[in-house]
>>> print(open('entry-v2.txt').read())   # compact mmCIF, C-alpha atoms
# COMPACT_ATOMS: atom_id res chain seq x y z
CA MET A 1405 105.29 -6.74 82.50
CA LEU A 1406 108.10 -6.15 80.01
CA PHE A 1407 110.91 -8.58 79.26
CA SER A 1408 113.44 -5.98 80.41
CA GLU A 1409 111.90 -6.12 83.91
CA ILE A 1410 112.80 -9.78 84.44
CA ASN A 1411 114.78 -10.22 87.66
CA PRO A 1412 114.42 -13.91 88.54
CA TYR A 1413 114.22 -15.26 92.05
CA ILE A 1414 115.08 -18.96 92.22
CA ARG A 1415 113.13 -20.77 94.90
CA TYR A 1416 114.42 -24.27 94.20
CA ALA A 1417 116.93 -25.91 91.84
CA ARG A 1418 117.84 -29.56 91.63
CA TYR A 1419 118.39 -32.59 89.42
CA LEU A 1420 115.25 -34.66 88.95
CA ASN A 1421 115.39 -38.33 87.94
CA LEU A 1422 112.21 -40.01 86.74
CA THR A 1423 111.80 -43.69 85.91
CA LYS A 1424 109.07 -45.67 84.21
CA ASP A 1425 107.55 -46.21 87.67
CA SER A 1426 107.17 -42.47 88.35
CA VAL A 1427 103.55 -41.32 88.29
CA PHE A 1428 102.44 -37.69 87.97
CA ASP A 1429 98.98 -36.17 87.88
CA THR A 1430 98.14 -32.91 86.14
CA VAL A 1431 99.16 -30.12 88.49
CA VAL A 1432 99.33 -26.35 88.57
CA ALA A 1433 102.50 -24.70 89.88
CA LEU A 1434 102.10 -21.57 91.96
CA ASP A 1435 105.38 -20.18 90.64
CA ALA A 1436 107.16 -20.63 87.30
CA ARG A 1437 108.80 -23.92 86.32
CA LEU A 1438 111.81 -24.72 84.15
CA PHE A 1439 112.65 -28.24 82.98
CA TYR A 1440 115.72 -29.12 80.92
CA VAL A 1441 116.59 -32.66 79.83
CA LEU A 1442 120.11 -33.89 80.50
CA ASP A 1443 119.56 -37.42 79.21
CA GLY A 1444 116.72 -39.81 78.55
CA TYR A 1445 113.34 -39.12 77.00
CA GLY A 1446 109.96 -38.06 78.35
CA LYS A 1447 106.96 -35.89 77.60
CA ILE A 1448 105.37 -32.90 79.26
CA LYS A 1449 101.78 -32.00 78.51
CA VAL A 1450 100.87 -28.34 79.01
CA LYS A 1451 97.16 -27.68 78.64
CA ASN A 1452 96.34 -29.59 75.45
CA CYS A 1453 99.80 -29.57 73.90
CA GLU A 1454 102.25 -32.43 74.35
CA TYR A 1455 105.95 -31.61 74.19
CA GLU A 1456 108.67 -34.14 73.41
CA MET A 1457 111.45 -33.85 75.96
CA GLU A 1458 114.77 -35.22 74.75
CA PRO A 1459 118.39 -34.35 75.63
CA GLY A 1460 118.81 -30.60 75.22
CA SER A 1461 115.07 -29.83 75.38
CA LEU A 1462 113.92 -26.85 77.45
CA ILE A 1463 110.48 -25.88 78.66
CA ILE A 1464 109.52 -22.89 80.82
CA ILE A 1465 105.97 -22.94 82.17
CA ASN A 1466 104.47 -19.81 83.71
CA SER A 1467 102.70 -20.04 87.05
CA GLY A 1468 99.04 -21.00 86.93
CA ILE A 1469 99.43 -23.19 83.82
CA PRO A 1470 98.35 -26.85 84.20
CA TYR A 1471 101.00 -29.40 83.20
CA ARG A 1472 101.76 -33.07 83.52
CA ILE A 1473 105.05 -34.94 83.23
CA TYR A 1474 104.51 -38.23 81.46
CA THR A 1475 106.16 -41.42 82.65
CA PRO A 1476 109.17 -42.11 80.40
CA GLU A 1477 109.76 -45.48 78.76
CA ILE A 1478 113.00 -45.98 80.73
CA SER A 1479 114.21 -42.89 82.59
CA VAL A 1480 114.84 -39.20 82.13
CA ASN A 1481 117.08 -36.78 84.01
CA PHE A 1482 116.01 -33.15 84.28
CA VAL A 1483 117.37 -29.94 85.64
CA ALA A 1484 114.28 -28.59 87.41
CA ILE A 1485 114.02 -25.00 88.65
CA ASN A 1486 111.15 -23.33 90.54
CA PHE A 1487 111.35 -19.56 90.21
CA ASP A 1488 109.59 -16.21 90.03
CA PHE A 1489 110.22 -13.81 87.16
CA THR A 1490 110.71 -11.04 89.73
CA HIS A 1491 111.81 -10.69 93.36
CA ASN A 1492 108.40 -9.38 94.42
CA THR A 1493 107.59 -12.54 96.37
CA ALA A 1494 111.07 -13.54 97.53
CA CYS A 1495 109.68 -13.76 101.06
CA TYR A 1496 108.49 -17.23 100.02
CA ASN A 1497 111.98 -18.69 100.14
CA THR A 1498 111.17 -22.40 100.42
CA PRO A 1499 109.82 -24.75 97.74
CA VAL A 1500 106.13 -24.35 97.01
CA ILE A 1501 104.31 -27.57 96.20
CA PRO A 1502 102.07 -27.46 93.12
CA VAL A 1503 98.38 -28.21 93.55
CA GLU A 1504 96.13 -30.60 91.68
CA GLU A 1505 94.39 -28.97 88.76
CA SER A 1506 90.96 -29.63 90.25
CA SER A 1507 91.91 -27.78 93.45
CA PHE A 1508 93.59 -24.77 91.84
CA LYS A 1509 92.31 -21.24 92.37
CA LYS A 1510 93.99 -18.20 90.87
CA GLU A 1511 94.32 -16.46 94.23
CA MET A 1512 96.73 -19.23 95.28
CA LEU A 1513 99.42 -17.97 92.89
CA ILE A 1514 102.60 -16.67 94.48
CA ASP A 1515 103.96 -14.99 91.37
CA TYR A 1516 102.05 -14.37 88.16
CA ASN A 1517 103.19 -12.15 85.31
CA VAL A 1518 101.75 -11.44 81.88
CA PHE A 1519 104.35 -10.20 79.42
CA ASP A 1520 103.39 -7.40 77.07
CA ASP A 1521 106.29 -7.82 74.65
CA THR A 1522 107.18 -11.54 74.83
CA HIS A 1523 103.82 -13.27 75.02
CA VAL A 1524 105.25 -16.78 74.90
CA LEU A 1525 106.62 -16.37 78.43
CA SER A 1526 103.10 -15.67 79.66
CA GLU A 1527 102.25 -19.28 78.81
CA VAL A 1528 104.96 -21.78 77.83
CA LEU A 1529 108.31 -21.47 76.12
CA TYR A 1530 109.48 -24.70 74.49
CA ILE A 1531 112.72 -25.26 72.61
CA LYS A 1532 113.41 -28.77 71.37
CA LYS A 1533 117.20 -28.41 71.27
CA ILE A 1534 119.29 -25.80 73.06
CA PRO A 1535 122.31 -27.68 74.49
CA HIS A 1536 124.59 -24.70 75.04
CA ILE A 1537 122.70 -23.57 78.18
CA GLN A 1538 123.40 -26.84 80.03
CA LYS A 1539 126.61 -25.64 81.69
CA SER A 1540 124.91 -22.50 83.00
CA LEU A 1541 122.06 -24.56 84.42
CA ALA A 1542 124.60 -26.79 86.17
CA VAL A 1543 126.13 -23.70 87.79
CA ILE A 1544 122.70 -22.67 89.11
CA VAL A 1545 122.12 -26.10 90.67
CA ARG A 1546 125.59 -26.09 92.22
CA GLU A 1547 125.18 -22.57 93.61
CA TYR A 1548 121.76 -23.42 95.01
CA MET A 1549 123.02 -26.61 96.66
CA GLN A 1550 126.14 -25.00 98.18
CA GLN A 1551 124.39 -21.73 99.12
CA LEU A 1552 127.58 -19.72 99.41
CA LEU A 1553 127.50 -15.99 100.07
CA TYR A 1554 125.43 -14.12 97.44
CA TYR A 1555 124.29 -17.34 95.77
CA GLU A 1556 120.74 -16.01 95.29
CA SER A 1557 121.95 -13.02 93.30
CA ARG A 1558 124.28 -15.14 91.19
CA CYS A 1559 121.59 -17.74 90.48
CA GLY A 1560 119.10 -15.06 89.47
CA HIS A 1561 121.62 -13.35 87.22
CA ILE A 1562 122.50 -16.60 85.43
CA LEU A 1563 118.84 -17.55 84.99
CA ALA A 1564 118.10 -14.13 83.49
CA GLN A 1565 120.86 -14.76 80.95
CA ILE A 1566 119.46 -18.22 80.18
CA ILE A 1567 115.97 -16.83 79.63
CA ALA A 1568 117.33 -14.08 77.35
CA GLU A 1569 119.42 -16.56 75.35
CA SER A 1570 116.46 -18.94 75.10
CA MET A 1571 114.15 -16.18 73.86
CA ARG A 1572 116.74 -15.10 71.31
CA PHE A 1573 117.04 -18.67 70.11
CA TYR A 1574 113.24 -19.02 70.04
CA GLU A 1575 112.83 -15.83 68.02
CA ILE A 1576 115.63 -16.19 65.48
CA GLY A 1577 116.64 -19.83 65.67
CA ILE A 1578 120.39 -19.33 66.01
CA VAL A 1579 122.99 -19.00 68.72
CA VAL A 1580 125.26 -15.97 68.66
CA THR A 1581 128.75 -17.28 69.38
CA GLU A 1582 132.23 -15.78 69.33
CA SER A 1583 132.70 -17.03 65.78
CA SER A 1584 129.46 -15.43 64.58
CA ILE A 1585 128.91 -12.78 61.96
CA LEU A 1586 128.58 -10.06 64.58
CA SER A 1587 131.90 -11.00 66.15
CA TYR A 1588 133.48 -10.91 62.69
CA ILE A 1589 132.20 -7.35 62.21
CA HIS A 1590 133.57 -6.29 65.60
CA GLU A 1591 136.96 -7.76 64.73
CA ASN A 1592 137.14 -6.23 61.23
CA PHE A 1593 135.21 -2.95 61.43
CA SER A 1594 138.34 -0.93 60.58
CA LYS A 1595 138.57 -2.70 57.21
CA ASN A 1596 136.46 -2.18 54.09
CA ILE A 1597 133.89 -4.83 54.97
CA THR A 1598 130.58 -5.15 53.13
CA ASN A 1599 127.71 -7.61 52.74
CA LEU A 1600 129.68 -9.17 49.90
CA SER A 1601 132.96 -9.60 51.79
CA ILE A 1602 131.20 -10.94 54.90
CA GLY A 1603 129.12 -13.31 52.77
CA SER A 1604 132.27 -14.55 51.06
CA HIS A 1605 133.94 -15.19 54.43
CA PHE A 1606 131.01 -17.22 55.77
CA CYS A 1607 130.03 -18.75 52.41
CA TYR A 1608 126.57 -17.14 52.49
CA HIS A 1609 124.76 -14.97 49.96
CA PRO A 1610 125.15 -11.24 50.81
CA ASN A 1611 121.36 -10.84 51.01
CA TYR A 1612 121.21 -13.64 53.60
CA ILE A 1613 123.94 -11.94 55.63
CA ASN A 1614 121.94 -8.73 55.64
CA SER A 1615 118.67 -10.40 56.62
CA LEU A 1616 120.43 -12.31 59.39
CA VAL A 1617 121.98 -9.17 60.87
CA ILE A 1618 118.59 -7.44 60.73
CA ARG A 1619 117.07 -10.35 62.66
CA LEU A 1620 119.85 -10.20 65.24
CA THR A 1621 120.10 -6.44 65.74
CA GLY A 1622 117.22 -4.71 63.97
CA MET A 1623 119.80 -2.96 61.75
CA SER A 1624 121.13 -3.63 58.27
CA VAL A 1625 124.76 -4.72 57.88
CA HIS A 1626 125.73 -1.20 56.80
CA GLN A 1627 123.93 0.42 59.76
CA TYR A 1628 125.48 -2.05 62.20
CA ILE A 1629 129.00 -1.53 60.85
CA ILE A 1630 128.59 2.25 61.15
CA LYS A 1631 127.37 1.89 64.74
CA VAL A 1632 130.33 -0.34 65.69
CA ARG A 1633 132.75 2.10 64.07
CA LEU A 1634 131.23 5.08 65.86
CA THR A 1635 131.21 3.31 69.23
CA ASN A 1636 134.90 2.51 68.87
CA ALA A 1637 135.62 6.05 67.66
CA ALA A 1638 133.97 7.42 70.81
CA MET A 1639 136.19 5.22 72.98
CA LEU A 1640 139.29 6.48 71.16
CA LEU A 1641 138.18 10.07 71.65
CA GLU A 1642 137.75 9.40 75.36
CA ASN A 1643 140.99 7.50 75.92
CA THR A 1644 143.60 8.70 73.40
CA THR A 1645 145.10 11.89 72.01
CA LEU A 1646 144.73 10.76 68.38
CA SER A 1647 143.41 13.40 66.02
CA CYS A 1648 139.88 13.11 64.64
CA GLU A 1649 141.35 12.31 61.23
CA GLU A 1650 143.48 9.50 62.68
CA ILE A 1651 140.52 8.10 64.56
CA ALA A 1652 138.34 8.25 61.46
CA THR A 1653 140.91 6.26 59.48
CA SER A 1654 141.53 3.70 62.25
CA CYS A 1655 137.77 3.08 62.55
CA GLY A 1656 137.21 2.45 58.85
CA PHE A 1657 136.05 5.88 57.65
CA CYS A 1658 137.80 6.92 54.44
CA ASP A 1659 136.59 10.52 54.64
CA PRO A 1660 136.99 12.53 57.88
CA ALA A 1661 134.10 14.79 56.87
CA HIS A 1662 131.82 11.76 56.47
CA PHE A 1663 133.02 10.49 59.85
CA SER A 1664 132.17 13.81 61.50
CA LYS A 1665 128.73 13.86 59.89
CA CYS A 1666 127.93 10.29 60.99
CA PHE A 1667 129.28 10.94 64.49
CA LYS A 1668 127.15 14.03 65.00
CA LYS A 1669 124.05 12.24 63.69
CA HIS A 1670 124.59 9.35 66.12
CA PHE A 1671 125.76 11.21 69.27
CA GLY A 1672 124.21 14.63 68.65
CA ILE A 1673 127.59 16.37 68.86
CA ASN A 1674 130.65 16.56 66.63
CA PRO A 1675 133.80 14.53 67.53
CA SER A 1676 135.93 17.46 68.72
CA LYS A 1677 133.26 18.68 71.15
CA TYR A 1678 132.61 15.10 72.34
CA ARG A 1679 136.24 14.83 73.38
CA ASN A 1680 135.91 17.93 75.57
CA ILE A 1681 132.80 16.80 77.47
>>> encode(input="entry-v2.txt", output="structure tokens")
Amino acid sequence: MLFSEINPYIRYARYLNLTKDSVFDTVVALDARLFYVLDGYGKIKVKNCEYEMEPGSLIIINSGIPYRIYTPEISVNFVAINFDFTHNTACYNTPVIPVEESSFKKEMLIDYNVFDDTHVLSEVLYIKKIPHIQKSLAVIVREYMQQLLYYESRCGHILAQIIAESMRFYEIGIVVTESSILSYIHENFSKNITNLSIGSHFCYHPNYINSLVIRLTGMSVHQYIIKVRLTNAAMLLENTTLSCEEIATSCGFCDPAHFSKCFKKHFGINPSKYRNI
């Protein structure tokens, strides 16, 4: 399975409060599990690894993976979600109780997926601190509890976004926000922006800016700026009567000939013919 094929089906979503008197054995869930700590402290042991669960901590455990929630010293409040990574087994639309590890057999699994491109989701994804997803998780719980029209689709869509954001954070260790470097490029692409000017704005070394953009997009700063400029140029060609020269200038290209060359390389057609498609 590829990450792009994720289409979550949420089977159960609720708030889970555990106290020092709560006792849990090692179990195996037959669908995937997500736990996110709202407040308090606890531990979750997955196979032989023990994960500290504090406010803002997230763990996603794939189906068929043994885990145990440890009794907290005082109490801990989780958002807990049972889900499948796809809708293939949505016919099981009620909560599925996990089984004791000693009783588990692989054929019991409702949903099991091995990811070819994001291997961590095949086992366990753990992020110690990712507080910005809390509001989205609260929306899922509210939607699930109220069960208004189309709640299943909305819950699945939000969870897909959460998983994508969590994987991005896991891979690159940062959150892309509206005040980020990429947003700055989108807001200033028509100007003469460079690694140096962006670095000066954010008080980072230009080389760090470039490496960060590569981690975020797979492109260098220069390549990303060109792509943003060309994307906006295409929209202007589609929606305005501005000349190609005017569009080139408004999108940050100093030379119309260079603009035309870059446009054809990116879209496979020159700007004037693109407008007539």
>>> residues_around(input="entry-v2.txt", residues="range 1660-1674 of chain A", least_positions_apart="2", cutoff="10 Å", atoms="all atoms listed in the file", output="list in words")
Ile1630, Lys1631, Arg1633, Leu1634, Thr1635, Ala1637, Ala1638, Cys1648, Glu1649, Glu1650, Ile1651, Ala1652, Thr1653, Cys1655, Gly1656, Phe1657, Cys1658, Ser1676, Lys1677, Tyr1678 and Arg1679 of chain A
>>> closest_residue(input="entry-v2.txt", among="A:Ile1681, A:Leu1442, A:Ser1587, A:Ile1534", to="Phe1573 in chain A", atoms="all atoms listed in the file")
A:Ile1534
>>> residues_around(input="entry-v2.txt", residues="Glu1505 in chain A", least_positions_apart="4", cutoff="8 Å", atoms="only C-alpha atoms", output="PyMOL selection string")
chain A and resi 1430-1432+1470
>>> residues_around(input="entry-v2.txt", residues="Glu1569 in chain A", least_positions_apart="5", cutoff="12 Å", atoms="all atoms listed in the file", output="MDAnalysis selection string")
chainID A and resid 1462 1531 1534:1538 1540 1562:1564 1574:1581 1620
>>> closest_residue(input="entry-v2.txt", among="A:Ile1585, A:Phe1407, A:Tyr1608, A:Ile1567", to="Leu1529 in chain A", atoms="only C-alpha atoms")
A:Ile1567
>>> axis_aligned_box(input="entry-v2.txt", around="range 1639-1653 of chain A", padding_each_side="4 Å", output="lines of an AutoDock Vina configuration file")
center_x = 140.6
center_y = 9.3
center_z = 67.7
size_x = 16.9
size_y = 16.2
size_z = 24.4
>>> atom_distance(input="entry-v2.txt", atom1="CA of Asn1411 in chain A", atom2="CA of Asn1466 in chain A")
14.6 Å
>>> atom_distance(input="entry-v2.txt", atom1="CA of Leu1640 in chain A", atom2="CA of Arg1619 in chain A")
29.1 Å
>>> closest_residue(input="entry-v2.txt", among="A:Phe1487, A:Tyr1554, A:Phe1593, A:Phe1519", to="Ser1467 in chain A", atoms="all atoms listed in the file")
A:Phe1487
>>> closest_residue(input="entry-v2.txt", among="A:Ser1615, A:Ser1506, A:Asn1599, A:Ser1570", to="Thr1522 in chain A", atoms="only C-alpha atoms")
A:Ser1570
>>> atom_distance(input="entry-v2.txt", atom1="CA of Ile1597 in chain A", atom2="CA of Gly1622 in chain A")
18.9 Å
>>> closest_residue(input="entry-v2.txt", among="A:Tyr1474, A:Tyr1530, A:Tyr1588, A:Tyr1440", to="Leu1422 in chain A", atoms="only C-alpha atoms")
A:Tyr1474
>>> closest_residue(input="entry-v2.txt", among="A:Val1480, A:Phe1439, A:Leu1406, A:Asp1659", to="Val1518 in chain A", atoms="all atoms listed in the file")
A:Leu1406
>>> residues_around(input="entry-v2.txt", residues="Phe1489 in chain A", least_positions_apart="6", cutoff="8 Å", atoms="only C-alpha atoms", output="list in words")
Ile1410, Asn1411, Pro1412, Tyr1413, Ala1436, Asp1515 and Asn1517 of chain A
>>> residues_around(input="entry-v2.txt", residues="Glu1477 in chain A", least_positions_apart="5", cutoff="9 Å", atoms="all atoms listed in the file", output="ChimeraX atom specification")
/A:1423-1424,1444-1446
>>> build_atoms(input="entry-v2.txt", residues="range 1645-1673 of chain A", atoms="N, CA and C atoms", output="short mmCIF file (atom, residue, chain, number, x, y, z; two decimals), in the frame of the given file")
data_model
loop_
_atom_site.label_atom_id
_atom_site.label_comp_id
_atom_site.auth_asym_id
_atom_site.auth_seq_id
_atom_site.Cartn_x
_atom_site.Cartn_y
_atom_site.Cartn_z
N THR A 1645 144.88 10.53 72.51
CA THR A 1645 145.10 11.89 72.01
C THR A 1645 145.17 11.89 70.48
N LEU A 1646 144.74 10.82 69.85
CA LEU A 1646 144.73 10.76 68.38
C LEU A 1646 143.83 11.86 67.82
N SER A 1647 144.23 12.38 66.67
CA SER A 1647 143.41 13.40 66.02
C SER A 1647 142.13 12.78 65.48
N CYS A 1648 141.14 13.62 65.19
CA CYS A 1648 139.88 13.11 64.64
C CYS A 1648 140.11 12.42 63.30
N GLU A 1649 141.04 12.94 62.51
CA GLU A 1649 141.35 12.31 61.23
C GLU A 1649 141.96 10.93 61.43
N GLU A 1650 142.86 10.80 62.40
CA GLU A 1650 143.48 9.50 62.68
C GLU A 1650 142.45 8.50 63.20
N ILE A 1651 141.56 8.98 64.03
CA ILE A 1651 140.52 8.10 64.56
C ILE A 1651 139.58 7.66 63.45
N ALA A 1652 139.21 8.59 62.58
CA ALA A 1652 138.34 8.25 61.46
C ALA A 1652 138.96 7.14 60.62
N THR A 1653 140.23 7.27 60.30
CA THR A 1653 140.91 6.26 59.48
C THR A 1653 141.00 4.93 60.21
N SER A 1654 141.36 4.95 61.50
CA SER A 1654 141.53 3.70 62.25
C SER A 1654 140.20 2.98 62.47
N CYS A 1655 139.09 3.69 62.34
CA CYS A 1655 137.77 3.08 62.55
C CYS A 1655 137.07 2.76 61.23
N GLY A 1656 137.77 2.90 60.12
CA GLY A 1656 137.21 2.45 58.85
C GLY A 1656 136.53 3.52 58.02
N PHE A 1657 136.63 4.79 58.44
CA PHE A 1657 136.05 5.88 57.65
C PHE A 1657 137.12 6.44 56.71
N CYS A 1658 136.83 6.42 55.42
CA CYS A 1658 137.80 6.92 54.44
C CYS A 1658 137.83 8.45 54.39
N ASP A 1659 136.72 9.08 54.74
CA ASP A 1659 136.59 10.52 54.64
C ASP A 1659 136.31 11.12 56.02
N PRO A 1660 137.21 11.93 56.57
CA PRO A 1660 136.99 12.53 57.88
C PRO A 1660 135.70 13.34 57.96
N ALA A 1661 135.33 14.00 56.87
CA ALA A 1661 134.10 14.79 56.87
C ALA A 1661 132.87 13.88 57.02
N HIS A 1662 132.91 12.72 56.35
CA HIS A 1662 131.82 11.76 56.47
C HIS A 1662 131.76 11.19 57.89
N PHE A 1663 132.94 10.95 58.46
CA PHE A 1663 133.02 10.49 59.85
C PHE A 1663 132.37 11.49 60.79
N SER A 1664 132.72 12.77 60.63
CA SER A 1664 132.17 13.81 61.50
C SER A 1664 130.66 13.92 61.37
N LYS A 1665 130.16 13.78 60.14
CA LYS A 1665 128.73 13.86 59.89
C LYS A 1665 128.00 12.69 60.56
N CYS A 1666 128.54 11.48 60.39
CA CYS A 1666 127.93 10.29 60.99
C CYS A 1666 127.98 10.36 62.51
N PHE A 1667 129.10 10.85 63.04
CA PHE A 1667 129.28 10.94 64.49
C PHE A 1667 128.25 11.89 65.10
N LYS A 1668 128.09 13.05 64.48
CA LYS A 1668 127.15 14.03 65.00
C LYS A 1668 125.71 13.51 64.92
N LYS A 1669 125.39 12.79 63.84
CA LYS A 1669 124.05 12.24 63.69
C LYS A 1669 123.76 11.21 64.78
N HIS A 1670 124.78 10.42 65.14
CA HIS A 1670 124.59 9.35 66.12
C HIS A 1670 124.61 9.87 67.56
N PHE A 1671 125.57 10.75 67.88
CA PHE A 1671 125.76 11.21 69.27
C PHE A 1671 125.18 12.59 69.53
N GLY A 1672 124.78 13.30 68.47
CA GLY A 1672 124.21 14.63 68.65
C GLY A 1672 125.23 15.72 68.87
N ILE A 1673 126.51 15.42 68.63
CA ILE A 1673 127.59 16.37 68.86
C ILE A 1673 128.76 15.96 67.98
#
